[in-house]
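Okay, structure first, notes after.
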Amino acid sequence: MSALDSRAPQASPAPGPAIEPAPPTGPSGAARWAADLAMGARFALAGGRESWVRTVLTAVGVGLGVAVLMVAASVPNMLGAREARGEARENFGFGQVERSDRSALYTWSDTEFRGEGVRGRYIEPEGSNPPVPPGVERLPAPGEMVVSPALGELLASPEGELLRERLPHRITGTIGDEGLLGPKELTFLAGSDTLSRFGSSAMRVDRFDEVGEPEPLDAVLLLLVVVICVVLLFPVWVFIATSVRFGGERRDRRLAALRLVGADSRMVRRIAAGESLVGALLGLAVGAALFLPVRGLIGRAEIFDISVFPADVRPSALLTALIAVAVPVSAVAVALFALRGVAIEPLGVVRDAGVRRRRLWWRLVPPGIGLVLLLPLIGGIDAERGTIDTYRIAAGIVLLLTGVTAVLPWLVEWAVNRMRGGPLSVQLAVRRLQLDSGPGARAVSGITVAVAGAIAVQMLFGGVEGDYTRSTGHDTSRADLVITRDLRDGGQAAELTGALEGARGVSRVVGTAGVRVPEAGAEPDGETPWTSITVADCAALEQLAEIASCEDGDVFLASPVMDGVEEPGARPGARFDLNAPVYSEEEERYVRTEEALPWSVPRDASGVEPREGVMGMYIGGVLATPGALDLTRATGVRAEFSVKLDPAVPDAAEHVRNAVETGSPQTQVMRVSATEQSSRFAAVQRALYAGAAGVMLLIGASMVVSTLEQLRERRKLLSVLIAFGTRRSTLGWSVLWQTALPVALGLFLAAAGGIGLGAVLLKLVSVPVAVHWTSLGAMTGIGAGVVLLVTVLSLPPLWRMMRPDGLRTE
């Protein structure tokens, strides 16, 4: 039958009951999704050079973000392990311990070396089976010490020569990891046989493996921790979302070809989601592979006095599972969201960006919702409270920062569409941004949100810093160091004075020696008043009290201003025993260990008003010159020295420490400072700086990958311009302007968004809003510096791409 005959009318079927059409037998919705996702995966892995290059770039970008998220997920374990080891090796505050065969005396002797703290501990066994601190195989004998690996390296190096003079003990071992906070910690444990002579400064322990409940953070510090976590981690998610959109233009053109073979619009979107899903899953593998060497690097690094062992960098199972699920889901969601304004047709790709401008209203919805969440909490957070609405605050901050990233593409498009004229390089850059400003805005979205968050955190830190910083009352004009030491007898005071005066870099030394004793004949008990007796030359006494005239042999009586009443024994004619009884824990009473040393206050002793000392305290009681009172034979003497250093002498403080810290745990050297900051607040601040450094490194690496991806997309266009005679310098400047314009707008938006978020956070803690312009300039400068560095690193591949042979195609 011919073709024409085949089109002849056919006989109608016999009348009969109507036949219902058969239901479709195609795959179900879930099966259809699975088949389309699998097809997208095949395109990503076997779709030719362009496909796998895009997949590799996406995997690298996502992998960098995943590695940072895994490190962040390890922070709870890192902090918990450090705190547990720190408490187990100290055992402070676990009640009274009776002397036994298993007890030991334990005291601290911390020092400082060139601004870095050195933790020191002394131990004296009281029996044959004393406790051994974690990380130590056996207790060192008197004159011996075990040290951390970092301290051992320092003492063995030329840089540690001054410190070796201060620690004359023989090194007999190394402290293991279980006895250290981190691999870079400087610490030692030395043996002693003199702690029993200074029972008041040593504690008795019988074990070293108890860990107490951690003290909870107050509400303001908890708010700081929540804000830091959000601000540091949100840019990572922004970067991951940007990475899954690498190579979007080429992918859309490839999807248009699928429309020619019958794929509908929903199918191509599912295929695009499958391609992004493969990149995200490979990114998880890349992130896990990067995480392993990063653990080792973290173990060798020390950032803002924080170091951890690689074994501590261990993400929790729950957070790891959350990352493994959230990253692929986010990749699929971002891929589908990116195609909302793209019409993929069989004859090409039509983007509505050139026809319909980006709308602003919906971009303001997330920050609006964030404000709705946070505004009811204004004024409701203070340090006295122990809890805050963590999830609500975190969600509000995320939504506010989301508004920054959402508004940036609209702002870039709005600005470049109003730009006209300028040099050729500027015109090329502006025209490129006018055609499609999305990639340029996405490339700088990470740095924008990071700077905005950093500005807000700096405002919050600056606002509450005063609550965690107090004035010490120290007089920094009179001394740089204050040294206190318990002496065996008063004769050692003169030796210490001579050692300090002969130390290099010392310009002035003011020393006193004193005892605190009851009146003669009084039986010491819990209610017996004790009187302070201080001996010093006239120059030193004139700094302790308002003295009109002073000669050697004079005695003065000073009333303690802080209590407003005169000490009972500070009166003419009062008699004292300078060798007072000492309290015996074994006998639970005061016992005499030395023969009596009586002394009476002269009848002609004059009253004076005490002056505020270097450390902001007043010394009352009896003030005597050496000619009136000799403490050479007195026991239980405590010496104090105020030392002024010569700023022109390097390591002057180290020479002073070496003069007085000669392997003895009874010496304390304190720096004189006008203010003192809470250790917990300082720890949170150090954690912020360490985390910010890591995030900035991530953002820099991510921008390098993003810039390379953009250059790869424009390689053919660059080759065309070179073929038509465009100078390389012009193209190089145009690429710079294409990055600089979105960056400038992004930093402006970051400053505005950061100030707004910072103002809201300050209102939450009832602190007046104040902008720290120096910090704001520093944060924006760091962001601009990162972008400039990335641009410089992208120039070599740019020169390689600007060749006429780039026009060749397959």
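Chain labels follow the order of the structure tokens: the first chain is A, the next B, and so on; residue numbering restarts at 1 in every chain, and ligands are counted from 1 in their shown order.
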
* **DSSP-assigned helix (DSSP H, G or I) among region 110-339 of chain A, expressed as a ChimeraX atom specification** => /A:149-156,158-166,177-179,195-201,219-243,248-260,265-300,310-312,317-338

Which neighbours of Val238 (chain A) fall inside 8 Å, counting only C-alpha atoms, when residues of the same chain fewer than 3 positions from it are skipped, and could you give them as a PDB file with N, CA, C and O atoms, in the first residue's frame?
ATOM      1  N   PHE A 234      28.505  31.526  58.703  1.00  0.00           N
ATOM      2  CA  PHE A 234      27.605  31.895  57.621  1.00  0.00           C
ATOM      3  C   PHE A 234      28.338  32.206  56.321  1.00  0.00           C
ATOM      4  O   PHE A 234      27.876  31.797  55.242  1.00  0.00           O
ATOM      5  N   PRO A 235      29.482  32.919  56.335  1.00  0.00           N
ATOM      6  CA  PRO A 235      30.213  33.111  55.076  1.00  0.00           C
ATOM      7  C   PRO A 235      30.631  31.804  54.417  1.00  0.00           C
ATOM      8  O   PRO A 235      30.743  31.738  53.189  1.00  0.00           O
ATOM      9  N   ALA A 241      27.324  27.877  48.616  1.00  0.00           N
ATOM     10  CA  ALA A 241      26.238  28.163  47.680  1.00  0.00           C
ATOM     11  C   ALA A 241      26.760  28.793  46.399  1.00  0.00           C
ATOM     12  O   ALA A 241      26.228  28.542  45.304  1.00  0.00           O
ATOM     13  N   THR A 242      27.812  29.596  46.499  1.00  0.00           N
ATOM     14  CA  THR A 242      28.401  30.199  45.302  1.00  0.00           C
ATOM     15  C   THR A 242      29.131  29.150  44.472  1.00  0.00           C
ATOM     16  O   THR A 242      29.102  29.181  43.234  1.00  0.00           O
ATOM     17  N   SER A 445      30.279  38.055  47.477  1.00  0.00           N
ATOM     18  CA  SER A 445      29.265  37.947  48.520  1.00  0.00           C
ATOM     19  C   SER A 445      29.855  37.402  49.817  1.00  0.00           C
ATOM     20  O   SER A 445      29.469  37.820  50.911  1.00  0.00           O
ATOM     21  N   GLY A 446      30.812  36.464  49.691  1.00  0.00           N
ATOM     22  CA  GLY A 446      31.419  35.903  50.893  1.00  0.00           C
ATOM     23  C   GLY A 446      32.177  36.943  51.688  1.00  0.00           C
ATOM     24  O   GLY A 446      32.028  37.046  52.915  1.00  0.00           O
TER      25      GLY A 446
END

* Have a look at A:Thr111, A:Ala548, A:Leu747, A:Gln543 and name the one nearest to Met617 (chain A); count only C-alpha atoms. => A:Gln543

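Nearest to Glu595 (chain A) of all the residues A:Gly453, A:Gly756, A:Gly511, A:Pro581 is A:Pro581, based on only C-alpha atoms.
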
Which residues are close to region 404-419 of chain A, i.e. within 7 Å by only C-alpha atoms, leaving aside same-chain residues fewer than 5 positions away? Reply as a PDB file with N, CA and C atoms, in the first residue's frame.
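Result went into part-v8.pdb, see below:
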ATOM      1  N   ARG A 358      16.258  43.359  38.584  1.00  0.00           N
ATOM      2  CA  ARG A 358      16.119  42.671  39.869  1.00  0.00           C
ATOM      3  C   ARG A 358      15.218  43.486  40.790  1.00  0.00           C
ATOM      4  N   LEU A 360      13.725  44.585  44.476  1.00  0.00           N
ATOM      5  CA  LEU A 360      14.311  44.812  45.792  1.00  0.00           C
ATOM      6  C   LEU A 360      13.422  44.316  46.922  1.00  0.00           C
ATOM      7  N   ARG A 363      14.046  41.012  48.641  1.00  0.00           N
ATOM      8  CA  ARG A 363      15.370  40.942  49.260  1.00  0.00           C
ATOM      9  C   ARG A 363      15.392  41.584  50.641  1.00  0.00           C
ATOM     10  N   VAL A 430      32.299  47.806  32.918  1.00  0.00           N
ATOM     11  CA  VAL A 430      30.920  48.187  33.195  1.00  0.00           C
ATOM     12  C   VAL A 430      29.961  47.474  32.255  1.00  0.00           C
ATOM     13  N   LEU A 433      29.439  43.964  33.363  1.00  0.00           N
ATOM     14  CA  LEU A 433      28.575  43.909  34.531  1.00  0.00           C
ATOM     15  C   LEU A 433      27.136  44.255  34.175  1.00  0.00           C
ATOM     16  N   GLN A 434      26.946  45.149  33.205  1.00  0.00           N
ATOM     17  CA  GLN A 434      25.589  45.472  32.785  1.00  0.00           C
ATOM     18  C   GLN A 434      24.909  44.290  32.114  1.00  0.00           C
ATOM     19  N   SER A 437      25.537  40.940  35.927  1.00  0.00           N
ATOM     20  CA  SER A 437      26.271  41.313  37.146  1.00  0.00           C
ATOM     21  C   SER A 437      26.231  40.217  38.202  1.00  0.00           C
ATOM     22  N   GLY A 438      25.498  39.149  37.930  1.00  0.00           N
ATOM     23  CA  GLY A 438      25.367  38.092  38.933  1.00  0.00           C
ATOM     24  C   GLY A 438      26.672  37.448  39.341  1.00  0.00           C
ATOM     25  N   ALA A 441      28.772  39.773  41.538  1.00  0.00           N
ATOM     26  CA  ALA A 441      28.215  39.957  42.876  1.00  0.00           C
ATOM     27  C   ALA A 441      28.403  38.709  43.727  1.00  0.00           C
ATOM     28  N   SER A 445      30.279  38.055  47.477  1.00  0.00           N
ATOM     29  CA  SER A 445      29.265  37.947  48.520  1.00  0.00           C
ATOM     30  C   SER A 445      29.855  37.402  49.817  1.00  0.00           C
ATOM     31  N   VAL A 449      29.637  39.493  53.398  1.00  0.00           N
ATOM     32  CA  VAL A 449      28.964  39.052  54.607  1.00  0.00           C
ATOM     33  C   VAL A 449      29.969  38.858  55.740  1.00  0.00           C
ATOM     34  N   PRO A 742      32.205  45.643  42.098  1.00  0.00           N
ATOM     35  CA  PRO A 742      31.368  44.911  43.067  1.00  0.00           C
ATOM     36  C   PRO A 742      31.951  44.901  44.477  1.00  0.00           C
ATOM     37  N   LEU A 745      31.135  48.284  46.157  1.00  0.00           N
ATOM     38  CA  LEU A 745      29.731  48.299  46.544  1.00  0.00           C
ATOM     39  C   LEU A 745      29.467  47.318  47.676  1.00  0.00           C
ATOM     40  N   GLY A 746      30.122  46.142  47.612  1.00  0.00           N
ATOM     41  CA  GLY A 746      29.931  45.154  48.668  1.00  0.00           C
ATOM     42  C   GLY A 746      30.449  45.638  50.012  1.00  0.00           C
ATOM     43  N   LEU A 749      28.023  48.154  51.375  1.00  0.00           N
ATOM     44  CA  LEU A 749      26.868  47.458  51.935  1.00  0.00           C
ATOM     45  C   LEU A 749      27.239  46.735  53.228  1.00  0.00           C
ATOM     46  N   GLY A 753      25.338  47.276  56.620  1.00  0.00           N
ATOM     47  CA  GLY A 753      24.713  46.133  57.272  1.00  0.00           C
ATOM     48  C   GLY A 753      25.362  45.791  58.596  1.00  0.00           C
TER      49      GLY A 753
END

* **DSSP strand (DSSP E or B) residues within region 432-673 of chain A, as an MDAnalysis selection string** => chainID A and resid 469:471 481:487 506:519 530:535 545 555:558 575:577 582:584 589:591 598:600 606:608 610 612 618 621:624 637:645 667:671

Which neighbours of region 476-486 of chain A fall inside 7 Å, counting only C-alpha atoms, when residues of the same chain fewer than 4 positions from it are skipped, and could you give them as an mmCIF file with all heavy atoms, in the first residue's frame?
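Below is the file that was written, part22.cif:
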data_model
loop_
_atom_site.group_PDB
_atom_site.id
_atom_site.type_symbol
_atom_site.label_atom_id
_atom_site.label_comp_id
_atom_site.auth_asym_id
_atom_site.auth_seq_id
_atom_site.Cartn_x
_atom_site.Cartn_y
_atom_site.Cartn_z
ATOM 1 N N VAL A 614 51.597 51.315 95.028
ATOM 2 C CA VAL A 614 51.696 51.082 93.589
ATOM 3 C C VAL A 614 50.548 50.201 93.102
ATOM 4 O O VAL A 614 49.982 50.424 92.025
ATOM 5 C CB VAL A 614 53.055 50.436 93.254
ATOM 6 C CG1 VAL A 614 53.107 50.003 91.797
ATOM 7 C CG2 VAL A 614 54.183 51.393 93.565
ATOM 8 N N GLY A 636 59.219 34.197 108.874
ATOM 9 C CA GLY A 636 57.919 34.498 108.266
ATOM 10 C C GLY A 636 57.862 35.885 107.679
ATOM 11 O O GLY A 636 56.798 36.518 107.677
ATOM 12 N N VAL A 637 58.999 36.374 107.166
ATOM 13 C CA VAL A 637 59.051 37.725 106.611
ATOM 14 C C VAL A 637 58.607 37.684 105.152
ATOM 15 O O VAL A 637 58.981 36.781 104.393
ATOM 16 C CB VAL A 637 60.483 38.305 106.723
ATOM 17 C CG1 VAL A 637 60.555 39.686 106.085
ATOM 18 C CG2 VAL A 637 60.909 38.354 108.185
ATOM 19 N N ARG A 638 57.846 38.691 104.775
ATOM 20 C CA ARG A 638 57.402 38.829 103.391
ATOM 21 C C ARG A 638 57.958 40.136 102.837
ATOM 22 O O ARG A 638 57.724 41.207 103.406
ATOM 23 C CB ARG A 638 55.883 38.820 103.297
ATOM 24 C CG ARG A 638 55.356 38.826 101.861
ATOM 25 C CD ARG A 638 53.832 38.705 101.851
ATOM 26 N NE ARG A 638 53.274 38.650 100.515
ATOM 27 C CZ ARG A 638 53.183 37.561 99.771
ATOM 28 N NH1 ARG A 638 53.640 36.411 100.250
ATOM 29 N NH2 ARG A 638 52.659 37.583 98.570
ATOM 30 N N ALA A 639 58.709 40.017 101.716
ATOM 31 C CA ALA A 639 59.325 41.191 101.096
ATOM 32 C C ALA A 639 58.538 41.587 99.848
ATOM 33 O O ALA A 639 58.001 40.738 99.134
ATOM 34 C CB ALA A 639 60.773 40.905 100.733
ATOM 35 N N GLU A 640 58.498 42.901 99.607
ATOM 36 C CA GLU A 640 57.827 43.410 98.414
ATOM 37 C C GLU A 640 58.695 44.500 97.801
ATOM 38 O O GLU A 640 59.194 45.390 98.516
ATOM 39 C CB GLU A 640 56.448 43.963 98.764
ATOM 40 C CG GLU A 640 55.699 44.500 97.551
ATOM 41 C CD GLU A 640 54.264 44.883 97.873
ATOM 42 O OE1 GLU A 640 53.584 44.091 98.562
ATOM 43 O OE2 GLU A 640 53.842 45.965 97.424
ATOM 44 N N PHE A 641 58.860 44.430 96.467
ATOM 45 C CA PHE A 641 59.716 45.381 95.758
ATOM 46 C C PHE A 641 58.949 45.961 94.578
ATOM 47 O O PHE A 641 58.291 45.228 93.825
ATOM 48 C CB PHE A 641 60.990 44.698 95.238
ATOM 49 C CG PHE A 641 61.807 44.029 96.304
ATOM 50 C CD1 PHE A 641 61.584 42.697 96.647
ATOM 51 C CD2 PHE A 641 62.784 44.735 96.986
ATOM 52 C CE1 PHE A 641 62.331 42.082 97.619
ATOM 53 C CE2 PHE A 641 63.539 44.110 97.975
ATOM 54 C CZ PHE A 641 63.309 42.789 98.299
ATOM 55 N N SER A 642 59.027 47.270 94.428
ATOM 56 C CA SER A 642 58.495 47.962 93.253
ATOM 57 C C SER A 642 59.672 48.329 92.365
ATOM 58 O O SER A 642 60.600 49.014 92.810
ATOM 59 C CB SER A 642 57.718 49.214 93.662
ATOM 60 O OG SER A 642 56.649 48.880 94.520
ATOM 61 N N VAL A 643 59.640 47.884 91.106
ATOM 62 C CA VAL A 643 60.778 48.046 90.206
ATOM 63 C C VAL A 643 60.347 48.866 89.002
ATOM 64 O O VAL A 643 59.340 48.560 88.348
ATOM 65 C CB VAL A 643 61.325 46.679 89.752
ATOM 66 C CG1 VAL A 643 62.507 46.860 88.810
ATOM 67 C CG2 VAL A 643 61.715 45.836 90.959
ATOM 68 N N LYS A 644 61.111 49.894 88.703
ATOM 69 C CA LYS A 644 60.905 50.697 87.494
ATOM 70 C C LYS A 644 61.989 50.322 86.496
ATOM 71 O O LYS A 644 63.180 50.290 86.829
ATOM 72 C CB LYS A 644 60.972 52.190 87.816
ATOM 73 C CG LYS A 644 60.551 53.095 86.671
ATOM 74 C CD LYS A 644 59.079 52.953 86.354
ATOM 75 C CE LYS A 644 58.650 53.895 85.241
ATOM 76 N NZ LYS A 644 57.229 53.690 84.860
ATOM 77 N N LEU A 645 61.583 50.004 85.260
ATOM 78 C CA LEU A 645 62.508 49.538 84.240
ATOM 79 C C LEU A 645 62.911 50.659 83.304
ATOM 80 O O LEU A 645 62.185 51.638 83.113
ATOM 81 C CB LEU A 645 61.867 48.401 83.426
ATOM 82 C CG LEU A 645 61.384 47.184 84.214
ATOM 83 C CD1 LEU A 645 60.688 46.203 83.286
ATOM 84 C CD2 LEU A 645 62.550 46.518 84.925
ATOM 85 N N GLN A 666 58.442 30.484 95.730
ATOM 86 C CA GLN A 666 57.908 31.493 96.638
ATOM 87 C C GLN A 666 57.952 32.913 96.067
ATOM 88 O O GLN A 666 57.595 33.855 96.760
ATOM 89 C CB GLN A 666 58.685 31.473 97.962
ATOM 90 C CG GLN A 666 58.242 30.363 98.905
ATOM 91 C CD GLN A 666 58.655 29.003 98.397
ATOM 92 O OE1 GLN A 666 59.813 28.789 98.053
ATOM 93 N NE2 GLN A 666 57.716 28.086 98.348
ATOM 94 N N THR A 667 58.390 33.091 94.857
ATOM 95 C CA THR A 667 58.519 34.417 94.270
ATOM 96 C C THR A 667 57.396 34.660 93.277
ATOM 97 O O THR A 667 57.114 33.811 92.436
ATOM 98 C CB THR A 667 59.874 34.575 93.559
ATOM 99 O OG1 THR A 667 60.915 34.308 94.501
ATOM 100 C CG2 THR A 667 60.040 35.979 93.015
ATOM 101 N N GLN A 668 56.763 35.820 93.377
ATOM 102 C CA GLN A 668 55.738 36.230 92.436
ATOM 103 C C GLN A 668 56.144 37.553 91.811
ATOM 104 O O GLN A 668 56.470 38.503 92.534
ATOM 105 C CB GLN A 668 54.378 36.375 93.120
ATOM 106 C CG GLN A 668 53.787 35.062 93.612
ATOM 107 C CD GLN A 668 52.394 35.254 94.186
ATOM 108 O OE1 GLN A 668 51.914 36.374 94.336
ATOM 109 N NE2 GLN A 668 51.737 34.156 94.518
ATOM 110 N N VAL A 669 56.130 37.598 90.489
ATOM 111 C CA VAL A 669 56.443 38.821 89.753
ATOM 112 C C VAL A 669 55.184 39.229 88.996
ATOM 113 O O VAL A 669 54.701 38.480 88.148
ATOM 114 C CB VAL A 669 57.621 38.621 88.781
ATOM 115 C CG1 VAL A 669 57.922 39.913 88.043
ATOM 116 C CG2 VAL A 669 58.857 38.149 89.553
ATOM 117 N N MET A 670 54.658 40.399 89.323
ATOM 118 C CA MET A 670 53.416 40.876 88.710
ATOM 119 C C MET A 670 53.697 42.126 87.893
ATOM 120 O O MET A 670 54.430 43.024 88.339
ATOM 121 C CB MET A 670 52.375 41.182 89.785
ATOM 122 C CG MET A 670 51.944 39.967 90.595
ATOM 123 S SD MET A 670 50.995 40.412 92.071
ATOM 124 C CE MET A 670 52.318 41.045 93.126
ATOM 125 N N ARG A 671 53.114 42.179 86.719
ATOM 126 C CA ARG A 671 53.209 43.371 85.894
ATOM 127 C C ARG A 671 52.226 44.421 86.396
ATOM 128 O O ARG A 671 51.090 44.105 86.732
ATOM 129 C CB ARG A 671 52.921 43.056 84.431
ATOM 130 C CG ARG A 671 54.092 42.399 83.718
ATOM 131 C CD ARG A 671 53.893 42.412 82.218
ATOM 132 N NE ARG A 671 55.082 41.925 81.520
ATOM 133 C CZ ARG A 671 56.093 42.691 81.155
ATOM 134 N NH1 ARG A 671 56.062 43.996 81.431
ATOM 135 N NH2 ARG A 671 57.132 42.186 80.530
ATOM 136 N N VAL A 672 52.669 45.640 86.417
ATOM 137 C CA VAL A 672 51.812 46.747 86.832
ATOM 138 C C VAL A 672 51.064 47.248 85.600
ATOM 139 O O VAL A 672 51.671 47.698 84.630
ATOM 140 C CB VAL A 672 52.639 47.883 87.464
ATOM 141 C CG1 VAL A 672 51.736 49.041 87.871
ATOM 142 C CG2 VAL A 672 53.416 47.365 88.664
ATOM 143 N N SER A 673 49.747 47.151 85.622
ATOM 144 C CA SER A 673 48.931 47.580 84.483
ATOM 145 C C SER A 673 47.729 48.351 84.998
ATOM 146 O O SER A 673 47.219 48.082 86.094
ATOM 147 C CB SER A 673 48.473 46.384 83.656
ATOM 148 O OG SER A 673 47.740 45.484 84.457
ATOM 149 N N ALA A 674 47.285 49.292 84.198
ATOM 150 C CA ALA A 674 46.183 50.155 84.615
ATOM 151 C C ALA A 674 44.846 49.437 84.587
ATOM 152 O O ALA A 674 43.933 49.780 85.340
ATOM 153 C CB ALA A 674 46.126 51.404 83.734
#

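Put simply, CA of Leu798 (chain A) is 27.2 Å away from CA of Glu275 (chain A).
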
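Put simply, CA of Phe239 (chain A) is 18.0 Å away from CA of Leu711 (chain A).
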
* **Exercise: Val398 (chain A) partners within 9 Å, only C-alpha atoms, chain neighbours under 5 positions left out, as a PyMOL selection string** => chain A and resi 230-231+234+366-367+370+393+403

Within 9 Å of Ala499 (chain A) using only C-alpha atoms, minus same-chain residues under 6 positions, as a PDB file with all heavy atoms, in the first residue's frame:
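Once written, out34.pdb looks like this:
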ATOM      1  N   VAL A 656      65.269  41.087  85.333  1.00  0.00           N
ATOM      2  CA  VAL A 656      64.748  41.221  86.690  1.00  0.00           C
ATOM      3  C   VAL A 656      64.227  39.876  87.189  1.00  0.00           C
ATOM      4  O   VAL A 656      64.486  39.468  88.327  1.00  0.00           O
ATOM      5  CB  VAL A 656      63.634  42.282  86.723  1.00  0.00           C
ATOM      6  CG1 VAL A 656      62.919  42.263  88.073  1.00  0.00           C
ATOM      7  CG2 VAL A 656      64.219  43.662  86.476  1.00  0.00           C
ATOM      8  N   ALA A 659      66.902  37.665  88.271  1.00  0.00           N
ATOM      9  CA  ALA A 659      67.557  38.058  89.516  1.00  0.00           C
ATOM     10  C   ALA A 659      66.826  37.526  90.743  1.00  0.00           C
ATOM     11  O   ALA A 659      67.448  37.323  91.793  1.00  0.00           O
ATOM     12  CB  ALA A 659      67.658  39.580  89.590  1.00  0.00           C
ATOM     13  N   VAL A 660      65.492  37.288  90.623  1.00  0.00           N
ATOM     14  CA  VAL A 660      64.727  36.900  91.813  1.00  0.00           C
ATOM     15  C   VAL A 660      64.102  35.511  91.681  1.00  0.00           C
ATOM     16  O   VAL A 660      63.839  34.847  92.690  1.00  0.00           O
ATOM     17  CB  VAL A 660      63.618  37.933  92.111  1.00  0.00           C
ATOM     18  CG1 VAL A 660      64.242  39.261  92.492  1.00  0.00           C
ATOM     19  CG2 VAL A 660      62.684  38.099  90.920  1.00  0.00           C
TER      20      VAL A 660
END

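With only C-alpha atoms as the atoms that count, the minimum distance from Thr774 (chain A) to the choices A:Leu189, A:Ile455, A:Met703, A:Ala692 is reached by A:Ile455.
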
* **Top pick for closest residue to Arg714 (chain A), considering A:Leu284, A:Ala443, A:Val735, A:Leu297 and counting only C-alpha atoms** => A:Val735
